[in-house]
There are 2 protein chains.
Amino acid sequence: MKRLGILLSGRGSNFEAIAESIAAGCLDAEIAVVISNRADAPGLERARARGLKAVLIPSKGLEREAYDRLLVAELARHEVELVCLAGYMRLLSSVFIQAFPMRIVNIHPSLLPAFPGLDAQHQALAHGVKFSGCTVHFVDEHLDAGPIIQQAVVPVEDGDTDASLSARILKEEHRIYTEALRLVLSGQWRLAGRRVIAAGAD
Amino acid sequence: MKRLGILLSGRGSNFEAIAESIAAGCLDAEIAVVISNRADAPGLERARARGLKAVLIPSKGLEREAYDRLLVAELARHEVELVCLAGYMRLLSSVFIQAFPMRIVNIHPSLLPAFPGLDAQHQALAHGVKFSGCTVHFVDEHLDAGPIIQQAVVPVEDGDTDASLSARILKEEHRIYTEALRLVLSGQWRLAGRRVIAAGAD
């Protein structure tokens with residue numbers, strides 16, 4: 001059974017969706033550790049409520065690389081094979097990326113490469129797109145830029161607000177994060193350039 | 001009946017889709033003139049075969065603004081109210097944009113703002129997105145950047161080539177160009193920031 005490490009900074013609703021998928025038997029994996037860089041992240045308490053190992057490693061005042069070394073050590077201690085970001089609000093340094101090459105996955109609430117960075121749903125609304133969505137991707141050293149594993153599309157309605165669009169996208173996030181993890185953990189994929197191609201697809 | 005002017009540089013399959021929509025009674029408009037900047041554009045002959053006014057205005061050797069003044073004069077001569085780009089392979093100067101403010105429409109084979117510019121379908125494939133599509137938008141002085149009127153989404157399949165993805169997108173282009181023109185010509189829309197909102201939607 002593959003061991004997942006979760007990094008979060010807030011409520012971690014995508015972490016909960018992954019935990020639910022595992023509990024429901026939809027995902028053959030276990031959550032080895034949940035780490036937050038913020039003491040007030042509700043995701044920490046929710047992890048403990050599920051009987052999971054939950055660790056606070058405060059990032060405040062630490063330089064990125066020094067902090068990332070602490071993270072890598074904690075993940076290694078729990079023998080984590082795949083790192084899942086779930087609302088983790090820090091850029092990862094090359095120290096971290098190189099410790100888990102192609103083994104860090106993130107979800108972002110837009111159809112990347114459109115609207116990387118903060119407030120993606122607001123960016124999409126302000127730009128006036130008619131469709132947006134979410135993206136599960138491998139993490140590299142650039143912001144929201146690694147190879148794309150899975151995406152989902154939602155319509156943008158004329159009456160949408162940031163909140164209504166975010167809610168519509170979040171529902172899809174929970175669905176595709178599990179789907180993407182299932183593909184990655186199966187090993188039945190390969191990289192062609194930066195395309196993630198399922199085995200047997202060509 | 002609203003008078004459309006079509007600009008093209010090639011076969012103009014989106015021009016033909018618009019002409020078909022008009023012939024089928026789906027679009028209450030008429031094509032006043034079809035203009036190509038290239039003598040070898042098959043769209044010119046196809047326009048003539050439909051009994052439409054087809055005009056060649058060669059762009060070779062002319063500076064952009066000088067050329068655009070010729071275009072504007074020709075469109076004015078035919079009392080064109082809305083300009084539709086259909087594979088017109090030149091950037092429009094501010095001379096042209098200011099002559100037809102918010103009255104120039106283009107279609108682009110990607111989900112803008114992703115993949116503007118040339119070879120959008122190839123860009124999308126190479127980036128590894130799982131969905132792409134097409135966008136009808138108002139034209140401003142920036143490349144593929146004006147307010148978005150309508151979009152359509154298609155899946156990108158693992159086995160796709162530039163040709164197969166382009167064909168899938170093209171089918172949607174023909175559908176949404178007519179839909180977008182119907183909205184624009186109805187006047188039942190307004191601009192909120194850069195969002196195009198249908199009347200009665202809020």
# chains A, B, ... in the order shown; residues from 1 in each chain; ligands from 1
>>> closest_atom_pairs(of="chain A", to="chain B", cutoff="9 Å", atoms="only C-alpha atoms", output="CSV")
residue,atom,partner,partner_atom,distance
A:Leu111,CA,B:Val129,CA,8.3
A:Leu112,CA,B:Val129,CA,7.6
A:Pro113,CA,B:Ala114,CA,6.1
A:Ala114,CA,B:Ala114,CA,5.3
A:Phe115,CA,B:Pro113,CA,8.5
A:Leu125,CA,B:Arg195,CA,7.6
A:Ala126,CA,B:Arg194,CA,6.8
A:His127,CA,B:Arg194,CA,6.1
A:Gly128,CA,B:Arg195,CA,4.1
A:Val129,CA,B:Ile148,CA,6.3
A:Lys130,CA,B:Gln151,CA,5.8
A:Phe131,CA,B:Gln151,CA,7.2
A:Thr135,CA,B:Val129,CA,9.0
A:Pro147,CA,B:Gly128,CA,6.8
A:Ile148,CA,B:Gly128,CA,6.1
A:Ile149,CA,B:Lys130,CA,8.0
A:Gln150,CA,B:Lys130,CA,6.4
A:Gln151,CA,B:Lys130,CA,5.8
A:Ala152,CA,B:Phe131,CA,7.9
A:Val153,CA,B:Phe131,CA,7.8
A:Glu157,CA,B:Ala201,CA,8.7
A:Asp158,CA,B:Ile197,CA,5.7
A:Gly159,CA,B:Asp202,CA,5.7
A:Ala192,CA,B:Gly128,CA,8.9
A:Gly193,CA,B:Ala126,CA,7.2
A:Arg194,CA,B:Gly128,CA,5.8
A:Arg195,CA,B:Gly128,CA,4.1
A:Val196,CA,B:Gly128,CA,6.7
A:Ile197,CA,B:Asp158,CA,5.7
A:Ala198,CA,B:Asp158,CA,7.1
A:Ala201,CA,B:Asp158,CA,5.9
A:Asp202,CA,B:Gly159,CA,5.7
>>> select_by_dssp(residues="region 35-130 of chain A", states="alpha helix (DSSP H)", output="MDAnalysis selection string")
chainID A and resid 42:49 64:77 94:99 120:127
>>> closest_residue(among="A:Asn37, A:Ser21, A:Gly5, A:Arg11", to="Arg77 (chain A)", atoms="only C-alpha atoms")
A:Gly5
>>> residues_around(residues="region 171-181 of chain A", least_positions_apart="5", cutoff="10 Å", atoms="only C-alpha atoms", output="ChimeraX atom specification")
/A:4,13-22,26-29,82,84,86,105-110,133-137,148-154,166,186
>>> atom_distance(atom1="CA of Gly117 (chain B)", atom2="CA of Tyr88 (chain B)")
12.2 Å
>>> closest_residue(among="A:Arg38, A:Arg182, A:Asp140, A:Leu62", to="Met102 (chain A)", atoms="only C-alpha atoms")
A:Asp140
>>> atom_distance(atom1="CA of Ser59 (chain B)", atom2="CA of Gly43 (chain B)")
16.1 Å
>>> residues_around(residues="Leu143 (chain A)", least_positions_apart="4", cutoff="9 Å", atoms="only C-alpha atoms", output="count of residues only")
4
>>> residues_around(residues="region 67-73 of chain B", least_positions_apart="3", cutoff="9 Å", atoms="only C-alpha atoms", output="ChimeraX atom specification")
/B:35,57-59,62-64,76-78,92-96,99-100
>>> atom_distance(atom1="CA of Ser36 (chain A)", atom2="CA of Leu8 (chain A)")
5.0 Å
>>> decode(residues="region 164-175 of chain B", atoms="N, CA, C and O atoms", output="PDB file, in the first residue's frame")
ATOM      1  N   SER B 164      -5.855  15.724 -35.427  1.00  0.00           N
ATOM      2  CA  SER B 164      -7.095  15.196 -34.826  1.00  0.00           C
ATOM      3  C   SER B 164      -7.671  16.191 -33.821  1.00  0.00           C
ATOM      4  O   SER B 164      -8.893  16.377 -33.741  1.00  0.00           O
ATOM      5  N   LEU B 165      -6.814  16.846 -33.063  1.00  0.00           N
ATOM      6  CA  LEU B 165      -7.313  17.845 -32.114  1.00  0.00           C
ATOM      7  C   LEU B 165      -7.900  19.043 -32.860  1.00  0.00           C
ATOM      8  O   LEU B 165      -8.967  19.547 -32.502  1.00  0.00           O
ATOM      9  N   SER B 166      -7.212  19.464 -33.925  1.00  0.00           N
ATOM     10  CA  SER B 166      -7.712  20.608 -34.705  1.00  0.00           C
ATOM     11  C   SER B 166      -9.083  20.325 -35.284  1.00  0.00           C
ATOM     12  O   SER B 166      -9.961  21.199 -35.284  1.00  0.00           O
ATOM     13  N   ALA B 167      -9.281  19.106 -35.770  1.00  0.00           N
ATOM     14  CA  ALA B 167     -10.577  18.741 -36.368  1.00  0.00           C
ATOM     15  C   ALA B 167     -11.684  18.782 -35.314  1.00  0.00           C
ATOM     16  O   ALA B 167     -12.799  19.259 -35.574  1.00  0.00           O
ATOM     17  N   ARG B 168     -11.359  18.280 -34.113  1.00  0.00           N
ATOM     18  CA  ARG B 168     -12.366  18.268 -33.040  1.00  0.00           C
ATOM     19  C   ARG B 168     -12.743  19.693 -32.629  1.00  0.00           C
ATOM     20  O   ARG B 168     -13.906  19.991 -32.390  1.00  0.00           O
ATOM     21  N   ILE B 169     -11.728  20.555 -32.577  1.00  0.00           N
ATOM     22  CA  ILE B 169     -11.978  21.954 -32.198  1.00  0.00           C
ATOM     23  C   ILE B 169     -12.746  22.682 -33.302  1.00  0.00           C
ATOM     24  O   ILE B 169     -13.669  23.458 -33.026  1.00  0.00           O
ATOM     25  N   LEU B 170     -12.377  22.400 -34.560  1.00  0.00           N
ATOM     26  CA  LEU B 170     -12.991  23.130 -35.687  1.00  0.00           C
ATOM     27  C   LEU B 170     -14.507  22.957 -35.721  1.00  0.00           C
ATOM     28  O   LEU B 170     -15.255  23.896 -36.013  1.00  0.00           O
ATOM     29  N   LYS B 171     -14.941  21.752 -35.388  1.00  0.00           N
ATOM     30  CA  LYS B 171     -16.383  21.489 -35.363  1.00  0.00           C
ATOM     31  C   LYS B 171     -17.078  22.423 -34.359  1.00  0.00           C
ATOM     32  O   LYS B 171     -18.150  22.974 -34.634  1.00  0.00           O
ATOM     33  N   GLU B 172     -16.446  22.621 -33.222  1.00  0.00           N
ATOM     34  CA  GLU B 172     -17.013  23.527 -32.209  1.00  0.00           C
ATOM     35  C   GLU B 172     -16.903  24.986 -32.647  1.00  0.00           C
ATOM     36  O   GLU B 172     -17.778  25.796 -32.332  1.00  0.00           O
ATOM     37  N   GLU B 173     -15.827  25.310 -33.364  1.00  0.00           N
ATOM     38  CA  GLU B 173     -15.691  26.680 -33.871  1.00  0.00           C
ATOM     39  C   GLU B 173     -16.894  27.057 -34.717  1.00  0.00           C
ATOM     40  O   GLU B 173     -17.478  28.129 -34.559  1.00  0.00           O
ATOM     41  N   HIS B 174     -17.273  26.152 -35.617  1.00  0.00           N
ATOM     42  CA  HIS B 174     -18.373  26.456 -36.530  1.00  0.00           C
ATOM     43  C   HIS B 174     -19.669  26.676 -35.758  1.00  0.00           C
ATOM     44  O   HIS B 174     -20.480  27.520 -36.119  1.00  0.00           O
ATOM     45  N   ARG B 175     -19.851  25.913 -34.679  1.00  0.00           N
ATOM     46  CA  ARG B 175     -21.062  26.052 -33.869  1.00  0.00           C
ATOM     47  C   ARG B 175     -21.063  27.365 -33.088  1.00  0.00           C
ATOM     48  O   ARG B 175     -22.042  28.123 -33.132  1.00  0.00           O
TER      49      ARG B 175
END
